[in-house]
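What's in data.cif: mmCIF, C-alpha atoms
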```cif
data_protein
loop_
_atom_site.label_atom_id
_atom_site.label_comp_id
_atom_site.auth_asym_id
_atom_site.auth_seq_id
_atom_site.Cartn_x
_atom_site.Cartn_y
_atom_site.Cartn_z
CA MET Y 1 67.95 -73.62 -5.11
CA LYS Y 2 67.82 -77.39 -5.55
CA ILE Y 3 64.37 -78.96 -5.43
CA SER Y 4 65.39 -81.27 -2.59
CA ASP Y 5 66.59 -78.27 -0.56
CA PHE Y 6 63.40 -76.40 -1.27
CA GLU Y 7 61.41 -79.42 -0.08
CA LEU Y 8 63.45 -79.56 3.12
CA PHE Y 9 62.62 -75.94 4.00
CA LYS Y 10 59.06 -76.33 2.84
CA SER Y 11 58.34 -79.25 5.19
CA LEU Y 12 60.33 -77.71 8.04
CA LEU Y 13 58.38 -74.43 7.83
CA TYR Y 14 55.05 -76.21 7.53
CA GLU Y 15 55.76 -78.44 10.49
CA ARG Y 16 57.01 -75.65 12.77
CA SER Y 17 54.81 -72.72 11.86
CA GLY Y 18 52.13 -73.93 9.46
CA LEU Y 19 53.61 -71.58 6.88
CA VAL Y 20 52.90 -72.75 3.35
CA ILE Y 21 55.57 -71.88 0.84
CA SER Y 22 55.09 -72.48 -2.88
CA PRO Y 23 57.94 -73.09 -5.38
CA ASP Y 24 57.49 -69.60 -6.86
CA LYS Y 25 58.59 -68.23 -3.47
CA SER Y 26 61.96 -69.98 -3.47
CA TYR Y 27 63.57 -66.58 -4.08
CA LEU Y 28 62.20 -65.54 -0.67
CA LEU Y 29 63.98 -68.48 0.94
CA GLU Y 30 67.22 -67.39 -0.65
CA SER Y 31 66.91 -63.70 0.22
CA ARG Y 32 65.81 -64.23 3.80
CA LEU Y 33 67.88 -67.25 4.74
CA THR Y 34 71.24 -66.16 3.34
CA PRO Y 35 71.63 -63.63 6.20
CA ILE Y 36 70.82 -66.44 8.67
CA ALA Y 37 73.60 -68.58 7.18
CA LYS Y 38 75.94 -65.62 7.60
CA LYS Y 39 74.80 -65.12 11.20
CA TRP Y 40 75.67 -68.77 11.91
CA GLY Y 41 79.10 -68.39 10.35
CA LEU Y 42 78.27 -70.60 7.39
CA PRO Y 43 79.71 -69.71 3.98
CA SER Y 44 76.48 -70.21 2.01
CA LEU Y 45 72.86 -71.21 2.07
CA GLU Y 46 73.89 -74.62 0.70
CA SER Y 47 76.19 -75.29 3.63
CA MET Y 48 73.41 -74.27 6.01
CA THR Y 49 71.10 -76.73 4.30
CA MET Y 50 73.74 -79.44 4.71
CA GLN Y 51 74.13 -78.69 8.40
CA LEU Y 52 70.36 -78.75 8.81
CA ARG Y 53 70.23 -82.24 7.33
CA ALA Y 54 73.20 -83.56 9.26
CA LEU Y 55 72.68 -81.98 12.66
CA PRO Y 56 69.46 -79.99 13.03
CA ASP Y 57 70.02 -77.36 15.70
CA GLU Y 58 66.81 -76.16 17.39
CA LYS Y 59 68.10 -72.58 17.57
CA LEU Y 60 68.96 -72.57 13.89
CA ILE Y 61 65.48 -73.88 13.06
CA LYS Y 62 63.92 -71.15 15.19
CA ASP Y 63 65.97 -68.51 13.35
CA ILE Y 64 64.86 -69.92 10.00
CA VAL Y 65 61.17 -69.92 10.96
CA GLU Y 66 61.42 -66.37 12.30
CA ALA Y 67 63.17 -65.13 9.18
CA MET Y 68 60.49 -66.58 6.93
CA THR Y 69 57.42 -65.25 8.72
CA THR Y 70 56.31 -62.03 7.11
CA ASN Y 71 56.40 -58.89 9.20
CA GLU Y 72 54.74 -56.42 6.88
CA THR Y 73 52.66 -53.99 8.93
CA SER Y 74 52.00 -50.30 9.50
CA PHE Y 75 50.17 -48.01 11.90
CA PHE Y 76 46.42 -48.06 11.23
CA ARG Y 77 47.07 -50.51 8.40
CA ASP Y 78 44.13 -50.46 5.94
CA THR Y 79 42.35 -47.79 8.07
CA LYS Y 80 38.94 -49.52 7.94
CA PRO Y 81 39.47 -52.18 10.65
CA PHE Y 82 40.35 -49.39 13.08
CA GLN Y 83 37.33 -47.43 12.01
CA ILE Y 84 35.20 -50.56 12.61
CA PHE Y 85 36.84 -51.02 16.01
CA GLN Y 86 36.09 -47.46 17.05
CA ASP Y 87 32.67 -46.88 15.49
CA THR Y 88 31.05 -50.33 15.47
CA ILE Y 89 32.65 -52.68 17.99
CA LEU Y 90 33.41 -50.29 20.85
CA PRO Y 91 29.88 -48.82 21.16
CA VAL Y 92 28.40 -52.34 21.24
CA LEU Y 93 30.84 -53.64 23.84
CA LEU Y 94 30.65 -50.52 26.02
CA GLU Y 95 26.94 -51.23 26.29
CA LYS Y 96 27.22 -55.01 26.71
CA ARG Y 97 30.06 -54.88 29.25
CA LYS Y 98 28.78 -51.93 31.27
CA THR Y 99 28.60 -53.92 34.50
CA ARG Y 100 31.92 -55.72 34.03
CA LYS Y 101 33.68 -52.63 32.66
CA SER Y 102 36.55 -54.57 31.17
CA ILE Y 103 37.43 -55.52 27.62
CA ARG Y 104 40.17 -57.88 26.46
CA ILE Y 105 41.69 -57.56 23.00
CA TRP Y 106 44.08 -59.97 21.29
CA CYS Y 107 46.29 -59.04 18.35
CA ALA Y 108 47.20 -62.52 17.19
CA ALA Y 109 50.09 -61.69 14.87
CA SER Y 110 51.30 -58.35 16.08
CA SER Y 111 54.62 -58.18 14.22
CA SER Y 112 56.53 -55.03 15.21
CA GLY Y 113 53.63 -53.70 17.27
CA GLN Y 114 51.94 -51.13 15.05
CA GLU Y 115 48.52 -52.81 15.21
CA PRO Y 116 48.21 -53.11 19.01
CA TYR Y 117 49.73 -49.65 19.48
CA SER Y 118 47.24 -48.17 17.00
CA LEU Y 119 44.42 -49.64 19.10
CA ALA Y 120 46.05 -48.29 22.25
CA MET Y 121 46.21 -44.79 20.72
CA ILE Y 122 42.51 -44.94 19.80
CA LEU Y 123 41.67 -45.90 23.38
CA LYS Y 124 43.94 -43.19 24.77
CA GLU Y 125 42.10 -40.60 22.68
CA LYS Y 126 38.87 -41.76 24.32
CA GLU Y 127 40.34 -41.70 27.82
CA ALA Y 128 37.71 -39.38 29.28
CA GLU Y 129 34.83 -41.43 27.92
CA LEU Y 130 36.39 -44.69 29.09
CA ARG Y 131 37.21 -43.62 32.64
CA GLY Y 132 36.68 -46.55 35.01
CA TRP Y 133 37.09 -49.13 32.26
CA ARG Y 134 39.89 -51.64 32.06
CA PHE Y 135 41.27 -52.48 28.63
CA GLU Y 136 43.77 -55.24 28.16
CA ILE Y 137 45.60 -55.51 24.84
CA VAL Y 138 47.50 -58.78 24.43
CA ALA Y 139 49.80 -58.92 21.41
CA THR Y 140 51.50 -62.09 20.25
CA ASP Y 141 53.84 -63.17 17.49
CA ILE Y 142 55.87 -66.24 16.65
CA SER Y 143 59.14 -64.33 16.34
CA ASP Y 144 61.11 -63.30 19.46
CA GLU Y 145 63.15 -60.88 17.42
CA ILE Y 146 60.11 -59.00 16.14
CA LEU Y 147 58.57 -59.05 19.63
CA ASP Y 148 61.70 -57.40 21.05
CA GLN Y 149 61.39 -54.77 18.36
CA ALA Y 150 57.71 -54.30 19.21
CA LYS Y 151 58.48 -53.89 22.91
CA ARG Y 152 61.21 -51.33 22.18
CA ALA Y 153 58.60 -49.37 20.23
CA SER Y 154 61.22 -47.35 18.40
CA TYR Y 155 60.32 -46.69 14.79
CA THR Y 156 62.03 -45.25 11.74
CA GLN Y 157 60.93 -42.06 10.03
CA PHE Y 158 59.54 -44.20 7.24
CA GLU Y 159 57.46 -46.34 9.62
CA VAL Y 160 55.90 -43.40 11.45
CA GLN Y 161 54.73 -41.89 8.18
CA ARG Y 162 52.85 -44.89 6.86
CA GLY Y 163 49.35 -44.63 8.25
CA LEU Y 164 50.12 -42.60 11.36
CA PRO Y 165 48.41 -39.20 11.47
CA ILE Y 166 50.87 -36.39 12.23
CA GLN Y 167 48.80 -35.35 15.26
CA TYR Y 168 49.42 -38.78 16.81
CA LEU Y 169 53.13 -38.55 16.04
CA MET Y 170 53.26 -35.19 17.85
CA LYS Y 171 51.30 -36.44 20.82
CA TYR Y 172 52.59 -39.93 21.41
CA PHE Y 173 56.17 -40.03 20.13
CA MET Y 174 59.51 -38.55 21.12
CA GLN Y 175 62.26 -38.02 18.59
CA PHE Y 176 65.77 -39.37 19.16
CA GLY Y 177 67.92 -38.60 16.14
CA ASP Y 178 66.51 -40.56 13.24
CA SER Y 179 64.18 -42.71 15.30
CA TRP Y 180 60.84 -42.06 16.90
CA GLN Y 181 60.13 -43.54 20.31
CA LEU Y 182 56.56 -44.30 21.34
CA LYS Y 183 55.83 -42.84 24.77
CA ASP Y 184 55.40 -45.13 27.79
CA GLU Y 185 51.78 -44.08 28.27
CA ILE Y 186 50.97 -46.02 25.06
CA ARG Y 187 53.64 -48.72 25.37
CA ASN Y 188 52.37 -49.72 28.79
CA MET Y 189 48.89 -50.39 27.41
CA VAL Y 190 50.09 -53.42 25.43
CA ARG Y 191 51.43 -56.73 26.76
CA PHE Y 192 53.54 -58.78 24.33
CA SER Y 193 54.27 -62.49 24.40
CA ASN Y 194 55.48 -65.24 22.09
CA PHE Y 195 52.78 -67.46 20.69
CA ASN Y 196 52.53 -69.92 17.82
CA LEU Y 197 49.02 -70.00 16.38
CA LEU Y 198 49.29 -73.78 15.92
CA ASP Y 199 49.67 -74.24 19.70
CA ASN Y 200 46.96 -74.78 22.29
CA MET Y 201 45.28 -71.42 22.91
CA SER Y 202 43.62 -72.10 26.25
CA ARG Y 203 46.35 -70.31 28.23
CA MET Y 204 45.50 -67.10 26.40
CA GLY Y 205 42.20 -66.73 28.27
CA THR Y 206 38.97 -65.33 26.89
CA PHE Y 207 38.77 -62.29 24.65
CA ASP Y 208 36.11 -59.83 23.52
CA ILE Y 209 37.90 -58.89 20.31
CA VAL Y 210 40.50 -60.78 18.27
CA PHE Y 211 42.50 -59.14 15.49
CA CYS Y 212 43.96 -61.89 13.32
CA ARG Y 213 44.77 -59.98 10.17
CA ASN Y 214 46.90 -60.95 7.21
CA VAL Y 215 48.27 -64.08 8.83
CA LEU Y 216 45.83 -66.83 7.82
CA ILE Y 217 46.75 -66.25 4.18
CA TYR Y 218 50.05 -68.03 4.90
CA PHE Y 219 48.36 -71.21 6.17
CA ASP Y 220 46.72 -74.07 4.28
CA GLU Y 221 42.97 -74.75 4.56
CA LYS Y 222 43.36 -77.37 7.28
CA ASN Y 223 45.40 -75.13 9.59
CA LYS Y 224 43.26 -72.09 8.78
CA GLY Y 225 40.19 -74.02 9.90
CA GLU Y 226 41.85 -75.26 13.07
CA ILE Y 227 43.17 -71.84 14.03
CA LEU Y 228 39.78 -70.21 13.45
CA GLU Y 229 38.01 -72.85 15.53
CA LYS Y 230 40.51 -72.44 18.36
CA ILE Y 231 40.06 -68.66 18.21
CA ALA Y 232 36.29 -69.20 18.43
CA GLY Y 233 36.99 -71.17 21.62
CA GLN Y 234 38.82 -68.18 23.16
CA LEU Y 235 36.22 -65.62 22.12
CA GLU Y 236 33.22 -64.54 24.19
CA ASN Y 237 29.94 -65.63 22.58
CA ASP Y 238 29.21 -62.04 21.58
CA GLY Y 239 32.83 -61.33 20.71
CA PHE Y 240 34.26 -59.97 17.46
CA LEU Y 241 36.88 -61.26 15.06
CA LEU Y 242 38.69 -59.13 12.51
CA LEU Y 243 40.44 -60.70 9.54
CA GLY Y 244 42.52 -59.14 6.77
CA GLY Y 245 40.96 -57.89 3.56
CA ALA Y 246 42.00 -60.98 1.56
CA GLU Y 247 40.86 -63.46 4.21
CA THR Y 248 37.53 -65.15 4.88
CA VAL Y 249 35.90 -67.84 7.02
CA LEU Y 250 33.62 -68.93 4.21
CA GLY Y 251 34.14 -72.57 3.31
CA ILE Y 252 36.63 -72.96 6.15
CA THR Y 253 34.59 -72.88 9.35
CA ASN Y 254 31.02 -72.18 10.40
CA LYS Y 255 32.06 -70.88 13.81
CA PHE Y 256 31.94 -67.30 12.53
CA THR Y 257 29.47 -65.26 10.53
CA PRO Y 258 30.67 -62.36 8.40
CA ASN Y 259 29.03 -59.01 8.92
CA PRO Y 260 27.72 -58.18 5.44
CA GLU Y 261 28.15 -54.44 5.96
CA LYS Y 262 31.68 -54.38 7.34
CA ARG Y 263 34.31 -56.19 5.39
CA GLY Y 264 36.65 -58.20 7.59
CA LEU Y 265 34.34 -58.19 10.64
CA TYR Y 266 33.00 -61.50 11.96
CA ILE Y 267 30.89 -62.52 14.91
CA LYS Y 268 30.79 -65.88 16.58
CA SER Y 269 27.96 -68.08 15.41
CA ASP Y 270 26.53 -70.52 17.93
CA LYS Y 271 23.31 -70.46 15.99
CA PRO Y 272 22.61 -71.00 12.30
CA ALA Y 273 23.86 -68.02 10.35
CA SER Y 274 20.37 -66.79 9.43
CA THR Y 275 19.39 -66.06 13.05
CA ILE Y 276 22.46 -63.98 13.79
CA VAL Y 277 21.78 -60.32 14.39
CA SER Y 278 24.24 -58.12 12.62
CA PRO Y 279 26.32 -56.05 15.08
CA ARG Y 280 25.33 -53.05 13.03
CA ASN Y 281 21.71 -53.50 14.11
CA ALA Y 282 22.75 -53.79 17.72
CA SER Y 283 24.59 -50.51 17.53
CA ALA Y 284 22.86 -47.17 17.55
CA ALA Y 285 26.06 -45.35 16.77
CA PRO Y 286 26.41 -44.11 13.22
CA SER Y 287 29.66 -44.99 11.59
CA SER Y 288 31.33 -43.22 8.77
CA THR Y 289 34.80 -42.55 7.53
CA SER Y 290 34.41 -38.90 8.32
CA SER Y 291 33.61 -39.47 11.98
CA PHE Y 292 36.66 -41.69 12.26
CA THR Y 293 39.04 -39.40 10.47
CA SER Y 294 37.72 -36.32 12.22
CA SER Y 295 38.22 -37.97 15.59
CA LEU Y 296 41.72 -38.93 14.50
CA PHE Y 297 42.34 -35.29 13.91
CA LYS Y 298 40.60 -33.91 16.92
CA ARG Y 299 42.89 -31.26 18.27
CA THR Y 300 43.27 -30.98 21.97
CA MET E 1 38.80 -33.63 -10.87
CA LYS E 2 40.56 -32.27 -7.78
CA THR E 3 43.60 -30.06 -8.20
CA CYS E 4 46.82 -30.26 -6.24
CA LEU E 5 49.42 -27.52 -6.36
CA VAL E 6 52.95 -28.86 -5.91
CA VAL E 7 55.27 -26.21 -4.48
CA ASP E 8 58.93 -27.20 -4.57
CA ASP E 9 62.07 -25.62 -5.98
CA SER E 10 63.36 -29.00 -7.15
CA ARG E 11 62.17 -29.98 -10.58
CA VAL E 12 62.86 -33.65 -9.81
CA VAL E 13 60.66 -33.59 -6.70
CA ARG E 14 57.85 -31.86 -8.62
CA LYS E 15 58.08 -34.51 -11.31
CA VAL E 16 57.96 -37.42 -8.84
CA ALA E 17 55.10 -35.81 -6.92
CA ARG E 18 53.19 -35.17 -10.14
CA ARG E 19 53.46 -38.82 -11.15
CA ILE E 20 52.12 -40.00 -7.76
CA LEU E 21 49.34 -37.39 -7.65
CA GLU E 22 48.17 -38.10 -11.19
CA ASP E 23 48.04 -41.78 -10.23
CA ILE E 24 45.54 -40.91 -7.50
CA SER E 25 43.52 -38.85 -10.01
CA PHE E 26 44.61 -35.32 -9.17
CA LYS E 27 45.13 -32.59 -11.70
CA CYS E 28 48.60 -31.29 -10.95
CA GLU E 29 49.85 -27.68 -11.02
CA GLU E 30 53.37 -26.60 -10.15
CA ALA E 31 55.04 -23.66 -8.44
CA GLU E 32 58.77 -23.16 -7.82
CA ASP E 33 58.53 -21.10 -4.65
CA GLY E 34 56.07 -19.63 -2.15
CA MET E 35 55.58 -16.46 -4.14
CA GLN E 36 54.58 -18.32 -7.31
CA ALA E 37 52.22 -20.44 -5.21
CA TYR E 38 50.71 -17.30 -3.69
CA GLU E 39 50.15 -15.79 -7.14
CA TYR E 40 48.53 -19.03 -8.30
CA CYS E 41 46.17 -19.12 -5.29
CA LYS E 42 45.09 -15.52 -5.96
CA SER E 43 43.61 -16.63 -9.27
CA SER E 44 42.29 -20.02 -8.18
CA MET E 45 42.29 -22.06 -4.99
CA PRO E 46 43.44 -25.68 -5.40
CA ASN E 47 41.92 -28.52 -3.33
CA ALA E 48 45.31 -29.55 -2.01
CA ILE E 49 48.81 -28.08 -1.72
CA LEU E 50 51.94 -30.18 -1.35
CA LEU E 51 54.40 -27.74 0.15
CA ASP E 52 58.18 -27.71 0.53
CA TRP E 53 59.68 -25.69 3.40
CA ASN E 54 62.97 -24.27 2.16
CA MET E 55 62.66 -22.39 -1.12
CA PRO E 56 64.10 -19.19 -2.58
CA VAL E 57 62.02 -15.95 -2.73
CA MET E 58 59.34 -17.17 -0.25
CA SER E 59 59.52 -20.16 2.08
CA GLY E 60 56.74 -22.68 2.52
CA ILE E 61 55.87 -21.57 6.04
CA GLU E 62 55.68 -17.91 4.97
CA PHE E 63 53.40 -18.88 2.10
CA LEU E 64 51.15 -20.96 4.41
CA GLU E 65 50.73 -18.06 6.82
CA LYS E 66 49.78 -15.74 3.94
CA LEU E 67 47.47 -18.36 2.39
CA ARG E 68 45.44 -18.83 5.56
CA GLN E 69 44.77 -15.05 5.60
CA MET E 70 43.42 -15.02 2.02
CA PRO E 71 39.71 -15.16 1.19
CA SER E 72 38.91 -18.92 0.89
CA GLY E 73 42.51 -19.50 1.98
CA THR E 74 41.37 -21.99 4.60
CA ASN E 75 39.84 -24.24 1.95
CA PRO E 76 42.89 -26.04 0.55
CA LYS E 77 44.31 -28.95 2.51
CA VAL E 78 47.99 -28.22 2.99
CA ILE E 79 50.49 -31.05 3.30
CA PHE E 80 54.05 -30.08 4.09
CA CYS E 81 56.60 -32.21 2.26
CA THR E 82 60.07 -31.34 3.44
CA THR E 83 63.45 -32.61 4.61
CA GLU E 84 62.88 -30.73 7.89
CA ASN E 85 62.18 -33.70 10.10
CA ASP E 86 62.27 -32.45 13.66
CA MET E 87 59.43 -31.96 16.09
CA THR E 88 59.96 -28.19 16.27
CA HIS E 89 59.33 -27.75 12.55
CA ILE E 90 56.35 -30.12 12.63
CA GLN E 91 54.76 -28.23 15.51
CA ARG E 92 55.38 -24.87 13.84
CA ALA E 93 53.80 -26.09 10.58
CA MET E 94 50.72 -27.50 12.30
CA ALA E 95 50.31 -24.32 14.35
CA ALA E 96 50.42 -22.29 11.12
CA GLY E 97 47.51 -24.30 9.76
CA ALA E 98 49.01 -27.27 7.91
CA ASP E 99 46.80 -30.37 7.71
CA GLU E 100 49.50 -33.01 7.41
CA TYR E 101 53.26 -33.31 7.33
CA ILE E 102 55.47 -35.54 5.21
CA MET E 103 59.17 -35.94 5.93
CA LYS E 104 61.23 -36.51 2.78
CA PRO E 105 62.01 -38.94 1.28
CA PHE E 106 58.44 -39.97 0.48
CA ASP E 107 56.84 -42.63 -1.67
CA THR E 108 53.43 -43.40 -3.16
CA ASP E 109 52.24 -45.19 -0.01
CA ILE E 110 53.03 -42.26 2.25
CA ILE E 111 51.32 -39.68 0.02
CA ARG E 112 48.31 -41.93 -0.50
CA SER E 113 47.89 -42.70 3.20
CA LYS E 114 48.21 -39.05 4.20
CA PHE E 115 45.70 -38.01 1.53
CA ILE E 116 43.25 -40.65 2.78
CA GLN E 117 43.63 -39.52 6.39
CA ILE E 118 42.71 -35.94 5.65
CA GLY E 119 39.84 -36.98 3.42
CA LEU E 120 41.29 -35.86 0.09
CA ILE E 121 40.78 -39.29 -1.41
CA ALA E 122 38.55 -42.21 -0.48
CA ASP E 123 39.98 -45.35 1.05
CA GLU E 124 39.58 -48.06 -1.55
CA GLU E 125 40.78 -51.48 -0.62
#
```

Step by step, read the file and then write its structure as structure tokens.
Amino acid sequence: MKISDFELFKSLLYERSGLVISPDKSYLLESRLTPIAKKWGLPSLESMTMQLRALPDEKLIKDIVEAMTTNETSFFRDTKPFQIFQDTILPVLLEKRKTRKSIRIWCAASSSGQEPYSLAMILKEKEAELRGWRFEIVATDISDEILDQAKRASYTQFEVQRGLPIQYLMKYFMQFGDSWQLKDEIRNMVRFSNFNLLDNMSRMGTFDIVFCRNVLIYFDEKNKGEILEKIAGQLENDGFLLLGGAETVLGITNKFTPNPEKRGLYIKSDKPASTIVSPRNASAAPSSTSSFTSSLFKRT
Amino acid sequence: MKTCLVVDDSRVVRKVARRILEDISFKCEEAEDGMQAYEYCKSSMPNAILLDWNMPVMSGIEFLEKLRQMPSGTNPKVIFCTTENDMTHIQRAMAAGADEYIMKPFDTDIIRSKFIQIGLIADEE
């Protein structure tokens, strides 16, 4: 790919989605955008680039942005964040919200839906304990195509094997030929909508928990900082933020304080970091991998 | 070191499985059918068994039922690994005492994530 073409896509992607693409990723542009050129009836990536320069079509730009945003995900991806959700965050919030009895969760880059649906399955397993509570799971992504896929909630054999315990597959999925359809009882627990993290977040409302995992890595420092500060604005003062394993707030914003015991878990800091009480101390519930995995495998 | 017995009549599958299992620090033993696996378990119980369904001499499900009747036969974690990919087979395997179920084809990620879920290996980020 010519350097000038690379620069064109680089600035377009940055402007529209905040996505930062380095020259060593030009192969990604070629592999993901060639199908878009084909879809638009253009003979090659070069001719698409020419059209983009001559007559930028908004729909074409949207397709390009969607194709370039990464959709890598799996059920219970990385295990630990879900363990933290179940064993650390939930006990704290069930105590703190016991009069309000409602909890709002935001999955800020939900891709094909595995993350919000994993949370929904955890909550479904705890149905008896949570009777009378209202849980709202809002899941957003920048790509309409991936959101449609998420709403359909039909997964391949490969997808349902990565991270999903077999007991959950048996309980919450129906098989249609080669695909596995998530049952409505779980699907209906999640509400999907299109959202660009660079946009104004106030319409999203206030949340108790925000999952924003493995998405900030694609932004530059400036946008990372802005997104995190906007998320802080949508989070209750005692709310929780979960980031991906390779992400941090350190050196980017002081709106959040990392929990030293639980990697990826952050709480909002209105006070200097030293006065923040770790959520672990606020929780009486013990947390361990075994309690999480055993509850995942609880047979009913 | 934990031991995993790979039970499959395909030499290729055993070889692929061995490579993945050794990568996650398991000592690997092999059996070509349920009967060989049964004989192996009589002399020593492995920590894990990766089990095919359709095999000559004795099928995987037959072996699992026998295994769970043996002294200490409930100790090994049994993970089916088979081309049988319908709900009926999955339910039958779980009812017979399997701990997990992998539908072929599989890869390192699938084996690793299933092994983490049933506590055979620790989750290291």

Residues in the PyMOL selection byres ((chain Y) within 8 of (chain E)), expressed as a ChimeraX atom specification: /Y:78-79,157,161-163,165-166,170,175,245,290,293

Just the residues within 12 Å of Pro46 of chain E, please, counting all atoms listed in the file, with nothing from its chain fewer than 6 positions along; format it as an MDAnalysis selection string. chainID E and resid 1:7 26:30 37:38 40 67 72:78 120

Atom CA of Glu32 of chain E to atom CA of Asp8 of chain E measures 5.2 Å

If we draw a sphere of 12 Å around (45.6, -48.3, 13.3), which residues have at least one atom in it when counting only C-alpha atoms? Please report them as an NGL selection string. (:Y and (73-86 or 107 or 110 or 113-123 or 160 or 162-165 or 168 or 211 or 292-293 or 296)) or (:E and (113 or 117))

Residue IDs satisfying the PyMOL selection byres ((chain E and resi 56-65) around 10), as number ranges by chain: E: 7-9, 32-38, 49-55, 66-70, 73-74, 78, 80-82, 89, 92-93, 95-98

To test your reading of the syntax: which residues would the PyMOL selection byres ((chain Y and resi 45) around 9) return for the file shown? Reply as a PyMOL selection string. chain Y and resi 30+33-38+42-44+46-50

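The space separating atom CA of Arg152 of chain Y from atom CA of Ser112 of chain Y comes to 9.2 Å.
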
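For the pair atom CA of Leu94 of chain Y and atom CA of Arg187 of chain Y, the separation is 23.1 Å.
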
Shell around Arg16 of chain Y at 12 Å using only C-alpha atoms, local window under 2 positions removed, as a ChimeraX atom specification: /Y:9-14,18-20,58,61-66,68-69,142,196-199,219

Given the point (65.4, -41.9, 13.6) in the coordinates of this file, which residues lie within 8 Å, counting only C-alpha atoms, and how would they look as a ChimeraX atom specification? /Y:155-157,175-180

Can you complete the atoms of segment 217-230 of chain Y to N, CA, C and O atoms and list them as a short mmCIF file (atom, residue, chain, number, x, y, z; two decimals), in the coordinates of the input?
```cif
data_model
loop_
_atom_site.label_atom_id
_atom_site.label_comp_id
_atom_site.auth_asym_id
_atom_site.auth_seq_id
_atom_site.Cartn_x
_atom_site.Cartn_y
_atom_site.Cartn_z
N ILE Y 217 46.41 -66.06 5.59
CA ILE Y 217 46.75 -66.25 4.18
C ILE Y 217 47.99 -67.13 3.99
O ILE Y 217 48.18 -67.69 2.93
N TYR Y 218 48.83 -67.22 5.04
CA TYR Y 218 50.05 -68.03 4.90
C TYR Y 218 49.84 -69.50 5.29
O TYR Y 218 50.77 -70.28 5.20
N PHE Y 219 48.63 -69.84 5.75
CA PHE Y 219 48.36 -71.21 6.17
C PHE Y 219 47.52 -71.95 5.13
O PHE Y 219 46.83 -71.34 4.32
N ASP Y 220 47.58 -73.30 5.18
CA ASP Y 220 46.72 -74.07 4.28
C ASP Y 220 45.32 -74.19 4.91
O ASP Y 220 45.11 -73.81 6.06
N GLU Y 221 44.38 -74.70 4.15
CA GLU Y 221 42.97 -74.75 4.56
C GLU Y 221 42.80 -75.46 5.91
O GLU Y 221 42.05 -75.02 6.76
N LYS Y 222 43.50 -76.57 6.07
CA LYS Y 222 43.36 -77.37 7.28
C LYS Y 222 43.75 -76.55 8.52
O LYS Y 222 43.01 -76.45 9.49
N ASN Y 223 44.94 -75.93 8.45
CA ASN Y 223 45.40 -75.13 9.59
C ASN Y 223 44.56 -73.88 9.78
O ASN Y 223 44.30 -73.47 10.91
N LYS Y 224 44.14 -73.27 8.68
CA LYS Y 224 43.26 -72.09 8.78
C LYS Y 224 42.03 -72.45 9.60
O LYS Y 224 41.64 -71.73 10.52
N GLY Y 225 41.41 -73.58 9.23
CA GLY Y 225 40.19 -74.02 9.90
C GLY Y 225 40.44 -74.28 11.38
O GLY Y 225 39.68 -73.83 12.23
N GLU Y 226 41.55 -74.94 11.67
CA GLU Y 226 41.85 -75.26 13.07
C GLU Y 226 42.11 -74.00 13.88
O GLU Y 226 41.63 -73.87 15.01
N ILE Y 227 42.87 -73.08 13.30
CA ILE Y 227 43.17 -71.84 14.03
C ILE Y 227 41.88 -71.07 14.30
O ILE Y 227 41.64 -70.62 15.42
N LEU Y 228 41.03 -70.96 13.28
CA LEU Y 228 39.78 -70.21 13.45
C LEU Y 228 38.89 -70.86 14.51
O LEU Y 228 38.27 -70.18 15.33
N GLU Y 229 38.84 -72.18 14.53
CA GLU Y 229 38.01 -72.85 15.53
C GLU Y 229 38.57 -72.67 16.93
O GLU Y 229 37.83 -72.48 17.89
N LYS Y 230 39.90 -72.68 17.04
CA LYS Y 230 40.51 -72.44 18.36
C LYS Y 230 40.26 -70.99 18.80
O LYS Y 230 39.99 -70.74 19.98
#
```
